[in-house]
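Trainee: File query.txt follows (compact mmCIF, C-alpha atoms):
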```txt
# COMPACT_ATOMS: atom_id res chain seq x y z
CA LEU A 1 -193.04 -190.85 -58.22
CA GLN A 2 -194.16 -187.44 -57.00
CA HIS A 3 -191.41 -185.88 -59.10
CA TYR A 4 -192.70 -187.77 -62.18
CA PHE A 5 -196.25 -186.50 -61.73
CA ILE A 6 -195.02 -182.93 -61.25
CA GLN A 7 -192.94 -183.13 -64.43
CA SER A 8 -195.80 -184.77 -66.36
CA ASN A 9 -198.27 -182.11 -65.22
CA LEU A 10 -195.84 -179.38 -66.23
CA ARG A 11 -195.39 -180.92 -69.67
CA ASN A 12 -199.16 -181.14 -70.13
CA ARG A 13 -199.60 -177.49 -69.18
CA MET A 14 -196.85 -176.46 -71.58
CA LEU A 15 -198.48 -178.52 -74.34
CA VAL A 16 -201.85 -176.84 -73.75
CA PHE A 17 -200.18 -173.43 -73.70
CA SER A 18 -198.35 -174.22 -76.94
CA LEU A 19 -201.57 -175.31 -78.63
CA LEU A 20 -203.33 -172.15 -77.51
CA LEU A 21 -200.42 -170.05 -78.70
CA GLY A 22 -200.50 -171.84 -82.03
CA LEU A 23 -204.18 -171.01 -82.45
CA VAL A 24 -203.51 -167.34 -81.79
CA ALA A 25 -200.38 -167.19 -83.92
CA GLY A 26 -201.58 -169.28 -86.82
CA GLY A 27 -205.36 -169.34 -86.89
CA MET A 28 -208.27 -166.97 -86.49
CA ILE A 29 -208.05 -164.54 -83.58
CA ASP A 30 -211.15 -163.81 -81.52
CA LEU A 31 -211.11 -160.07 -80.90
CA THR A 32 -212.05 -158.64 -77.51
CA PRO A 33 -211.75 -155.12 -76.11
CA THR A 34 -208.72 -156.42 -74.21
CA ASN A 35 -206.66 -157.70 -77.15
CA LEU A 36 -207.94 -155.35 -79.89
CA ASP A 37 -205.24 -152.67 -79.79
CA GLU A 38 -202.36 -155.11 -79.46
CA THR A 39 -203.66 -157.27 -82.33
CA LEU A 40 -203.94 -154.30 -84.67
CA LYS A 41 -200.56 -152.87 -83.73
CA SER A 42 -198.63 -156.14 -84.00
CA SER A 43 -199.38 -156.83 -87.67
CA SER A 44 -199.01 -154.92 -90.91
CA LEU A 45 -202.39 -156.20 -92.16
CA VAL A 46 -205.35 -157.42 -90.13
CA MET A 47 -208.58 -158.57 -91.74
CA ILE A 48 -211.56 -158.39 -89.39
CA ASN A 49 -214.79 -160.33 -89.87
CA PHE A 50 -217.52 -158.43 -87.99
CA SER A 51 -220.32 -160.94 -87.45
CA ALA A 52 -223.31 -161.86 -85.30
CA GLY A 53 -224.21 -165.37 -84.21
CA TRP A 54 -227.88 -164.94 -85.13
CA CYS A 55 -227.05 -163.89 -88.73
CA ARG A 56 -227.25 -166.82 -91.14
CA TYR A 57 -224.77 -165.21 -93.52
CA SER A 58 -222.28 -164.86 -90.65
CA GLN A 59 -222.85 -168.49 -89.70
CA ALA A 60 -222.14 -169.65 -93.25
CA LEU A 61 -219.00 -167.52 -93.53
CA LYS A 62 -217.34 -168.44 -90.21
CA PRO A 63 -215.95 -171.93 -91.13
CA ILE A 64 -214.75 -170.57 -94.49
CA TYR A 65 -213.08 -167.65 -92.73
CA GLU A 66 -211.39 -169.99 -90.23
CA GLN A 67 -209.95 -172.03 -93.10
CA ALA A 68 -208.72 -168.83 -94.78
CA ALA A 69 -207.03 -167.81 -91.51
CA ASN A 70 -205.17 -171.11 -91.45
CA ALA A 71 -204.28 -170.76 -95.14
CA VAL A 72 -202.53 -167.40 -94.62
CA SER A 73 -201.00 -168.24 -91.24
CA ASN A 74 -197.53 -168.36 -92.78
CA VAL A 75 -197.83 -165.00 -94.56
CA PRO A 76 -195.60 -162.60 -92.57
CA GLY A 77 -197.41 -159.68 -90.94
CA VAL A 78 -200.95 -160.93 -91.72
CA LYS A 79 -203.67 -161.89 -89.25
CA LEU A 80 -207.33 -162.76 -89.67
CA ALA A 81 -209.50 -161.73 -86.74
CA TYR A 82 -213.13 -162.32 -85.80
CA ALA A 83 -215.32 -159.82 -83.94
CA ASP A 84 -218.52 -161.08 -82.30
CA CYS A 85 -220.75 -158.01 -82.49
CA VAL A 86 -223.21 -159.44 -79.98
CA ALA A 87 -220.63 -160.19 -77.29
CA HIS A 88 -218.42 -157.18 -78.08
CA ASN A 89 -220.66 -154.54 -79.59
CA SER A 90 -218.23 -151.75 -78.63
CA ILE A 91 -215.72 -153.03 -81.20
CA CYS A 92 -218.27 -153.06 -84.00
CA SER A 93 -219.63 -149.64 -83.05
CA LYS A 94 -216.10 -148.23 -83.14
CA TYR A 95 -215.78 -149.26 -86.78
CA GLN A 96 -219.33 -148.19 -87.75
CA VAL A 97 -220.51 -151.66 -88.75
CA ASN A 98 -224.08 -151.55 -90.09
CA LYS A 99 -224.43 -155.00 -91.67
CA TYR A 100 -223.37 -158.58 -90.98
CA PRO A 101 -220.98 -159.93 -91.99
CA THR A 102 -218.71 -156.96 -92.72
CA MET A 103 -215.07 -157.60 -93.55
CA LYS A 104 -212.70 -154.68 -93.10
CA PHE A 105 -208.93 -154.31 -93.25
CA VAL A 106 -206.62 -152.52 -90.82
CA ARG A 107 -203.28 -151.61 -92.33
CA SER A 108 -200.47 -150.58 -89.96
CA GLY A 109 -203.09 -149.72 -87.35
CA GLU A 110 -205.20 -147.64 -89.76
CA ILE A 111 -208.59 -148.72 -91.09
CA MET A 112 -208.71 -149.01 -94.87
CA LYS A 113 -211.55 -147.36 -96.75
CA SER A 114 -212.40 -150.36 -98.94
CA GLU A 115 -214.07 -153.42 -97.46
CA TYR A 116 -213.84 -156.95 -98.77
CA ARG A 117 -216.91 -157.51 -100.94
CA GLY A 118 -215.66 -160.42 -103.04
CA GLN A 119 -216.60 -164.07 -103.17
CA ARG A 120 -216.89 -165.77 -99.79
CA SER A 121 -214.52 -168.64 -100.41
CA VAL A 122 -211.14 -169.60 -98.99
CA GLU A 123 -209.49 -169.14 -102.39
CA ALA A 124 -210.97 -165.70 -103.04
CA ILE A 125 -210.18 -164.37 -99.56
CA THR A 126 -206.58 -165.61 -99.58
CA GLU A 127 -206.03 -164.33 -103.12
CA HIS A 128 -207.28 -160.88 -102.10
CA ILE A 129 -205.01 -160.82 -99.05
CA ASN A 130 -201.99 -161.82 -101.14
CA SER A 131 -202.78 -159.02 -103.58
CA LEU A 132 -202.93 -156.51 -100.71
CA MET A 133 -199.48 -157.57 -99.54
CA LYS A 134 -197.86 -156.78 -102.89
CA ASP A 135 -195.90 -153.55 -103.31
CA PRO A 136 -198.25 -151.19 -105.23
CA VAL A 137 -195.54 -148.60 -105.85
CA VAL A 138 -194.60 -148.35 -109.54
CA GLN A 139 -190.89 -147.75 -110.05
CA LEU A 140 -189.89 -145.16 -112.65
CA HIS A 141 -186.47 -144.74 -114.26
CA GLY A 142 -185.62 -141.13 -114.95
CA ASP A 143 -187.44 -137.90 -115.79
CA THR A 144 -188.53 -139.11 -119.24
CA GLU A 145 -190.69 -141.84 -117.72
CA LEU A 146 -191.98 -139.39 -115.12
CA SER A 147 -193.00 -136.86 -117.79
CA GLN A 148 -194.71 -139.60 -119.77
CA THR A 149 -196.60 -140.78 -116.65
CA MET A 150 -197.74 -137.24 -115.89
CA GLU A 151 -198.98 -136.78 -119.44
CA GLU A 152 -200.80 -140.13 -119.60
CA SER A 153 -202.39 -140.12 -116.14
CA LYS A 154 -203.69 -136.52 -116.15
CA VAL A 155 -204.63 -137.01 -112.48
CA LYS A 156 -202.81 -136.36 -109.25
CA PHE A 157 -200.38 -138.99 -107.96
CA VAL A 158 -197.69 -139.31 -105.30
CA MET A 159 -194.02 -139.48 -106.30
CA GLY A 160 -191.19 -140.57 -103.99
CA TYR A 161 -187.40 -140.34 -104.30
CA PHE A 162 -185.43 -142.83 -102.18
CA ALA A 163 -181.82 -143.97 -101.83
CA SER A 164 -182.84 -147.61 -101.40
CA LYS A 165 -185.89 -149.84 -101.07
CA ASN A 166 -184.33 -151.08 -97.83
CA ASP A 167 -184.75 -147.69 -96.17
CA TYR A 168 -187.41 -147.46 -93.49
CA SER A 169 -188.76 -144.32 -95.17
CA TYR A 170 -189.53 -146.38 -98.29
CA GLU A 171 -191.35 -148.97 -96.14
CA VAL A 172 -193.50 -146.15 -94.75
CA PHE A 173 -194.11 -144.88 -98.29
CA LYS A 174 -195.11 -148.39 -99.45
CA ALA A 175 -197.44 -148.83 -96.46
CA SER A 176 -199.17 -145.54 -97.33
CA ALA A 177 -199.56 -146.75 -100.90
CA GLN A 178 -201.16 -149.96 -99.62
CA ILE A 179 -203.54 -148.03 -97.35
CA MET A 180 -204.55 -145.69 -100.19
CA ALA A 181 -204.91 -148.44 -102.80
CA GLY A 182 -207.67 -147.58 -105.24
CA GLN A 183 -207.74 -143.94 -104.13
CA CYS A 184 -204.34 -142.61 -105.17
CA SER A 185 -201.46 -143.96 -107.29
CA PHE A 186 -197.87 -144.08 -105.98
CA TYR A 187 -194.65 -143.97 -108.03
CA ALA A 188 -191.00 -143.86 -107.00
CA MET A 189 -187.45 -143.48 -108.25
CA ILE A 190 -184.80 -145.48 -106.40
CA GLY A 191 -181.02 -145.18 -106.10
CA GLU A 192 -179.30 -143.64 -109.13
CA ASP A 193 -182.63 -142.59 -110.65
CA ALA A 194 -183.42 -140.58 -107.50
CA GLU A 195 -179.97 -138.98 -107.10
CA PRO A 196 -180.55 -135.79 -109.18
CA MET A 197 -183.67 -134.83 -107.20
CA MET A 198 -182.08 -135.75 -103.85
CA LYS A 199 -178.90 -133.79 -104.63
CA ALA A 200 -180.99 -130.74 -105.51
CA HIS A 201 -182.48 -130.92 -102.01
CA GLY A 202 -179.45 -131.51 -99.83
CA GLY A 203 -179.29 -135.27 -100.34
CA LYS A 204 -182.62 -135.81 -98.61
CA GLU A 205 -185.25 -138.30 -99.70
CA ARG A 206 -188.40 -136.64 -100.94
CA VAL A 207 -192.14 -137.20 -101.49
CA MET A 208 -194.15 -134.99 -103.85
CA LEU A 209 -197.67 -134.63 -105.18
CA MET A 210 -197.60 -134.48 -108.98
CA ASN A 211 -200.13 -133.22 -111.55
CA ASP A 212 -201.84 -130.93 -109.04
CA VAL A 213 -204.07 -128.24 -110.57
CA GLU A 214 -202.09 -125.45 -108.93
CA GLU A 215 -198.52 -126.78 -108.67
CA ASN A 216 -196.57 -129.85 -107.57
CA LYS A 217 -196.46 -129.99 -103.77
CA SER A 218 -193.78 -131.37 -101.45
CA PHE A 219 -194.43 -133.33 -98.28
CA ALA A 220 -192.92 -131.27 -95.48
CA GLY A 221 -193.51 -133.76 -92.67
CA LYS A 222 -191.41 -136.56 -91.23
CA MET A 223 -190.64 -139.21 -93.86
CA THR A 224 -190.80 -142.01 -91.28
CA ASP A 225 -194.13 -140.96 -89.78
CA GLN A 226 -196.74 -143.29 -91.27
CA ALA A 227 -199.81 -141.46 -89.92
CA GLN A 228 -198.53 -138.05 -91.00
CA LEU A 229 -197.73 -139.15 -94.55
CA SER A 230 -201.06 -140.97 -95.01
CA ALA A 231 -202.98 -137.94 -93.74
CA TRP A 232 -201.12 -135.68 -96.17
CA VAL A 233 -201.89 -138.01 -99.08
CA LYS A 234 -205.58 -138.15 -98.14
CA ASP A 235 -205.82 -134.37 -97.99
CA ASN A 236 -204.01 -133.79 -101.27
CA CYS A 237 -204.37 -136.77 -103.58
CA VAL A 238 -207.81 -138.36 -103.17
CA PRO A 239 -209.86 -137.16 -106.17
CA LEU A 240 -212.53 -134.57 -105.43
CA VAL A 241 -214.68 -136.15 -108.18
CA ARG A 242 -214.62 -139.94 -108.36
CA GLU A 243 -215.98 -142.28 -111.01
CA ILE A 244 -218.91 -144.50 -110.03
CA THR A 245 -219.12 -147.94 -111.61
CA PHE A 246 -221.22 -151.03 -110.98
CA GLU A 247 -218.17 -152.47 -109.19
CA ASN A 248 -217.78 -149.68 -106.60
CA GLY A 249 -221.43 -148.56 -106.45
CA GLU A 250 -222.25 -150.55 -103.30
CA GLU A 251 -219.23 -149.14 -101.49
CA LEU A 252 -220.09 -145.56 -102.45
CA THR A 253 -223.75 -145.86 -101.47
CA GLU A 254 -222.72 -147.23 -98.10
CA GLU A 255 -220.88 -144.00 -97.34
CA GLY A 256 -224.39 -142.59 -96.93
CA LEU A 257 -223.83 -139.26 -98.67
CA PRO A 258 -226.08 -137.98 -101.49
CA PHE A 259 -224.59 -138.26 -104.98
CA VAL A 260 -223.93 -135.23 -107.18
CA ILE A 261 -223.35 -137.00 -110.49
CA LEU A 262 -222.21 -135.94 -113.92
CA PHE A 263 -223.51 -138.38 -116.55
CA HIS A 264 -221.36 -138.08 -119.66
CA ASP A 265 -220.31 -139.74 -122.87
CA PRO A 266 -217.22 -141.87 -122.06
CA GLU A 267 -215.37 -140.12 -124.88
CA ASP A 268 -216.25 -136.69 -123.48
CA LYS A 269 -213.31 -135.84 -121.23
CA GLU A 270 -213.91 -132.09 -121.45
CA SER A 271 -217.19 -132.14 -119.51
CA VAL A 272 -215.55 -134.19 -116.73
CA GLN A 273 -212.74 -131.66 -116.54
CA ARG A 274 -215.16 -128.70 -116.47
CA PHE A 275 -217.29 -130.36 -113.80
CA THR A 276 -214.22 -131.14 -111.67
CA GLU A 277 -212.94 -127.57 -111.99
CA LYS A 278 -216.30 -126.09 -110.94
CA VAL A 279 -216.61 -128.48 -108.01
CA ALA A 280 -213.13 -127.43 -106.86
CA GLU A 281 -213.98 -123.77 -107.41
CA GLN A 282 -217.43 -123.67 -105.79
CA CYS A 283 -217.88 -126.73 -103.59
CA GLN A 284 -214.64 -127.74 -101.85
CA ASP A 285 -216.25 -127.46 -98.41
CA GLN A 286 -219.20 -129.66 -99.45
CA ARG A 287 -217.25 -132.92 -99.91
CA ASN A 288 -218.17 -134.12 -96.40
CA SER A 289 -221.88 -133.70 -97.09
CA VAL A 290 -222.16 -135.07 -100.67
CA ASN A 291 -220.21 -137.37 -102.99
CA PHE A 292 -219.11 -135.76 -106.25
CA LEU A 293 -219.09 -138.43 -108.97
CA HIS A 294 -219.02 -138.90 -112.72
CA ALA A 295 -220.57 -141.83 -114.56
CA ASN A 296 -220.60 -143.37 -118.01
CA GLY A 297 -223.97 -142.18 -119.31
CA PHE A 298 -224.31 -145.19 -121.62
CA LYS A 299 -223.75 -147.75 -118.86
CA PHE A 300 -226.00 -145.79 -116.49
CA ALA A 301 -228.75 -145.07 -119.01
CA HIS A 302 -231.43 -146.36 -116.61
CA PRO A 303 -231.09 -143.42 -114.16
CA LEU A 304 -231.34 -141.05 -117.13
CA SER A 305 -234.70 -142.55 -118.13
CA HIS A 306 -235.99 -141.87 -114.60
CA LEU A 307 -235.07 -138.22 -115.18
CA GLY A 308 -236.87 -138.19 -118.53
CA LYS A 309 -233.57 -138.01 -120.41
CA THR A 310 -231.62 -140.16 -122.88
CA THR A 311 -227.99 -140.47 -123.90
CA ASN A 312 -228.70 -137.83 -126.56
CA ASP A 313 -229.02 -135.28 -123.73
CA LEU A 314 -225.54 -135.89 -122.27
CA PRO A 315 -223.81 -134.33 -120.39
CA ILE A 316 -226.31 -134.16 -117.50
CA ILE A 317 -225.86 -133.29 -113.83
CA ALA A 318 -228.21 -134.70 -111.20
CA ILE A 319 -228.46 -135.27 -107.47
CA ASP A 320 -229.52 -138.64 -106.06
CA SER A 321 -230.45 -138.21 -102.39
CA PHE A 322 -231.24 -141.95 -101.98
CA LYS A 323 -234.89 -140.95 -101.79
CA HIS A 324 -235.32 -138.90 -104.97
CA MET A 325 -233.39 -137.66 -107.98
CA TYR A 326 -233.13 -133.97 -108.94
CA LEU A 327 -232.02 -132.63 -112.31
CA PHE A 328 -229.65 -129.67 -112.68
CA PRO A 329 -231.33 -127.36 -115.24
CA LYS A 330 -228.56 -127.00 -117.84
CA PHE A 331 -225.02 -128.34 -117.85
CA ASN A 332 -223.48 -125.10 -119.18
CA ASN A 333 -224.90 -123.23 -116.19
CA ILE A 334 -222.09 -124.65 -114.03
CA ASP A 335 -220.03 -121.78 -115.46
CA ARG A 336 -222.31 -119.26 -113.74
CA PRO A 337 -220.82 -118.11 -110.43
CA GLY A 338 -222.09 -120.19 -107.51
CA ARG A 339 -224.81 -121.96 -109.53
CA LEU A 340 -223.62 -125.53 -108.84
CA ARG A 341 -223.13 -124.71 -105.18
CA ARG A 342 -226.68 -123.36 -104.89
CA PHE A 343 -227.98 -126.60 -106.40
CA ILE A 344 -226.37 -128.51 -103.53
CA GLU A 345 -227.48 -125.98 -100.91
CA ASP A 346 -231.05 -126.29 -102.22
CA LEU A 347 -230.87 -130.02 -101.55
CA HIS A 348 -229.81 -129.52 -97.95
CA SER A 349 -232.37 -126.77 -97.32
CA GLY A 350 -235.20 -128.88 -98.77
CA ARG A 351 -235.89 -126.37 -101.52
CA LEU A 352 -235.46 -128.92 -104.34
CA HIS A 353 -238.07 -131.19 -102.81
CA ARG A 354 -240.47 -128.32 -102.13
CA GLU A 355 -240.17 -127.13 -105.74
CA PHE A 356 -241.13 -130.56 -106.96
CA HIS A 357 -244.18 -130.42 -104.72
CA GLY A 358 -245.34 -127.28 -106.52
CA GLU A 359 -243.98 -124.53 -104.29
CA VAL A 360 -243.00 -121.50 -106.40
CA PHE A 361 -239.91 -119.45 -105.56
CA ARG A 362 -239.57 -116.00 -107.19
CA ASP A 363 -236.14 -114.99 -105.88
CA ARG A 364 -234.22 -116.48 -108.82
CA ASP A 365 -236.48 -115.82 -111.80
CA GLY A 366 -234.55 -116.12 -115.05
CA GLU A 367 -231.45 -117.59 -113.39
CA ASP A 368 -231.27 -120.50 -115.83
CA ASP A 369 -232.50 -118.63 -118.93
CA GLU A 370 -230.29 -118.45 -121.99
CA PRO A 371 -228.55 -115.06 -122.19
CA ALA A 372 -229.69 -112.70 -124.98
CA ALA A 373 -227.50 -112.69 -128.09
CA ILE A 374 -224.84 -109.96 -128.18
CA GLY A 375 -226.18 -106.87 -129.96
CA SER A 376 -229.78 -108.03 -129.72
CA LYS A 377 -232.37 -105.28 -129.13
CA ASP A 378 -234.99 -107.71 -128.02
CA GLU A 379 -236.22 -107.33 -124.51
CA PRO A 380 -236.00 -110.46 -122.34
CA VAL A 381 -239.13 -112.53 -122.70
CA GLN A 382 -241.16 -112.70 -119.52
CA LYS A 383 -241.87 -116.32 -118.80
CA LYS A 384 -245.27 -117.24 -117.56
CA GLU A 385 -245.28 -118.70 -114.10
CA LYS A 386 -245.62 -122.44 -114.26
CA LYS A 387 -248.30 -123.84 -112.03
CA ARG A 388 -248.87 -127.42 -111.14
CA ASP A 389 -252.49 -128.40 -110.66
CA VAL A 390 -251.38 -131.59 -108.91
CA PRO A 391 -248.16 -131.64 -106.88
CA THR A 392 -245.75 -134.19 -108.29
CA ASN A 393 -242.95 -136.14 -106.72
CA PRO A 394 -239.40 -136.12 -108.08
CA PRO A 395 -238.20 -139.42 -109.58
CA GLU A 396 -237.31 -142.06 -107.00
CA SER A 397 -233.68 -142.82 -106.28
CA VAL A 398 -232.06 -145.33 -108.62
CA PHE A 399 -228.68 -145.63 -106.90
CA LYS A 400 -230.29 -146.71 -103.65
CA LYS A 401 -230.68 -150.08 -105.36
CA LEU A 402 -226.88 -150.43 -105.34
CA GLU A 403 -226.86 -150.58 -101.53
CA PRO A 404 -225.65 -153.82 -99.85
CA ASN A 405 -227.79 -156.75 -100.99
CA LYS A 406 -230.09 -158.22 -98.35
CA ASN A 407 -229.38 -161.63 -99.88
CA ARG A 408 -225.74 -161.29 -98.75
CA TYR A 409 -226.01 -159.30 -95.53
CA SER A 410 -228.16 -158.85 -92.46
CA ILE A 411 -228.76 -155.10 -92.39
CA ILE A 412 -228.87 -153.47 -88.96
CA ASN A 413 -231.86 -151.18 -88.52
CA LYS A 414 -230.43 -147.91 -87.25
CA ASP A 415 -232.07 -144.53 -87.17
CA GLU A 416 -229.55 -143.05 -89.59
CA LEU A 417 -230.29 -145.78 -92.15
```
Would you mind writing the structure in this file as structure tokens?

Mentor:
Amino acid sequence: LQHYFIQSNLRNRMLVFSLLLGLVAGGMIDLTPTNLDETLKSSSLVMINFSAGWCRYSQALKPIYEQAANAVSNVPGVKLAYADCVAHNSICSKYQVNKYPTMKFVRSGEIMKSEYRGQRSVEAITEHINSLMKDPVVQLHGDTELSQTMEESKVKFVMGYFASKNDYSYEVFKASAQIMAGQCSFYAMIGEDAEPMMKAHGGKERVMLMNDVEENKSFAGKMTDQAQLSAWVKDNCVPLVREITFENGEELTEEGLPFVILFHDPEDKESVQRFTEKVAEQCQDQRNSVNFLHANGFKFAHPLSHLGKTTNDLPIIAIDSFKHMYLFPKFNNIDRPGRLRRFIEDLHSGRLHREFHGEVFRDRDGEDDEPAAIGSKDEPVQKKEKKRDVPTNPPESVFKKLEPNKNRYSIINKDEL
């Protein structure tokens, strides 16, 4: 009888353990500082729901998120995790969470730039996860297709040459493509298509950056080092000037950096190219302090009206600091050495704001004047100093309105916000 009770108790314990294991393996995982690192390392894709119990949006999402976790439990390499930012604030601080709920993705241990901002339903969440698990690498067949891709894309992209898709180096390449989705495009030639390039380089597999302004670059690191390859791609492929749309506006505003925006006619590719070249020439070291963007001036006509401009005035350059908007005097002045850079420096120094409040600076008189015609004997016209009887404020920020909606999130009040 004693033996029966011992065996029965053991079976019950094993059953409880199995149920608990099933919840961890198949359902939503509750993240803690103890299991965080192991959870992120053990899966190729982890979705994390950063929430707070007092937030009504978090409360509404949690049962939906739990159902989504069960729905994808059979997808290899995928886990859905939940972080309680009240109980485990250190986890949420680590990932710079400033609103609830925030849903981020960790791919192969590396946080992805884009959050999940779609519909909060089981179907939408699972569909998004399934799309993230697809191979984003586009396979090309021969140099003719490569040349055509280079001509049509006109932007930088990453090109790989591999003996087989079964190679671990290709898996690393694919994982980097998944991490950089939406930021950089990845292409590859496989097997016979890759042989000419591999033979020319001692039979070794190869990764290159194509369509670079200077020249095509080769990845000189270890092909099986995920972190090293992703870092190289970030440094070399992510566009210096990105396009802002109504779809990505919330994500860009949440980065918290002032916008330096070129508004242009969508058919006007030349102004975008000129702007990009001048940003690269004058402002490379400013990309961590501002976001360089270009926008369809017809879709974003409302910001133009705040600046006293219309689509007839395109192309136009402006800064939106999330408090005010400042207009660059004349688009063609970007060709003047250092002029675009000074515009940005004047934002950081406060000069733009002080000018709008009536302060007069005499150190750059005539900087934005039209040059005299060649052969003209006319002396430069001395402009009268403009005085403002009443200090005026620059137009208020328009893009601030694209920040996360308070009807979808509980915004955390932090000093930096």

Trainee: Quick one: everything within 10 Å of Leu40 (chain A), counting only C-alpha atoms, minus sequence neighbours fewer than 3 positions away in the same chain. Send it as a VMD selection string.

Mentor: chain A and resid 31 35 to 37 43 to 48 79 81 105 to 111

Trainee: Counting only C-alpha atoms, which residue out of A:Asp167, A:Glu277, A:Glu267, A:Asp30 sits closest to Ala295 (chain A)?

Mentor: A:Glu267

Trainee: Mind pulling up the distance from CA of Leu340 (chain A) to CA of Lys278 (chain A)?

Mentor: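 The value is 7.6 Å.
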
Trainee: In terms of the shortest atom-to-atom distance over all atoms listed in the file, which of A:Val172, A:Gln148, A:Met112, A:Arg351 is closest to Thr224 (chain A)?

Mentor: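 Under the stated criterion, the closest residue is A:Val172.
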
Trainee: Applying 9 Å and all atoms listed in the file, which residues near Ala227 (chain A) remain after dropping the ones on its own chain fewer than 4 positions away? List them as a list in words.

Mentor: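 Surrounding residues, per the criterion: Glu110, Ser176, Ala231 and Trp232 of chain A.
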
Trainee: Can you tell me, as a list in words, what residues are no more than 9 Å from His264 (chain A) when counting all atoms listed in the file, ignoring any on the same chain fewer than 2 positions away?

Mentor: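 These residues fall inside the cut-off: Leu262, Pro266, Glu267, Asp268, Lys269, Ser271, Val272, His294, Ala295, Asn296, Gly297, Phe298, Thr311, Leu314, Pro315, Ile316 and Ile317 of chain A.
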
Trainee: CA of Leu146 (chain A) to CA of Tyr161 (chain A): how many Å, to one decimal?

Mentor: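 Straight-line distance from CA of Leu146 (chain A) to CA of Tyr161 (chain A) works out to 11.8 Å.
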
Trainee: Applying 8 Å and all atoms listed in the file, which residues near Leu229 (chain A) remain after dropping the ones on its own chain fewer than 6 positions away? List them as a ChimeraX atom specification.

Mentor: /A:173,176,219,221-223

Trainee: Within 10 Å of (-200.4, -133.1, -111.0) (coordinates as in the file), grab all the protein and nucleic acid residues, counting only C-alpha atoms, and write them out as a list of chain:residue names.

Mentor: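 Final list of nearby residues, as requested, is A:Met150, A:Glu151, A:Ser153, A:Lys154, A:Val155, A:Lys156, A:Phe157, A:Val158, A:Met208, A:Leu209, A:Met210, A:Asn211, A:Asp212, A:Val213, A:Glu214, A:Glu215, A:Asn216, A:Lys217, A:Cys237.
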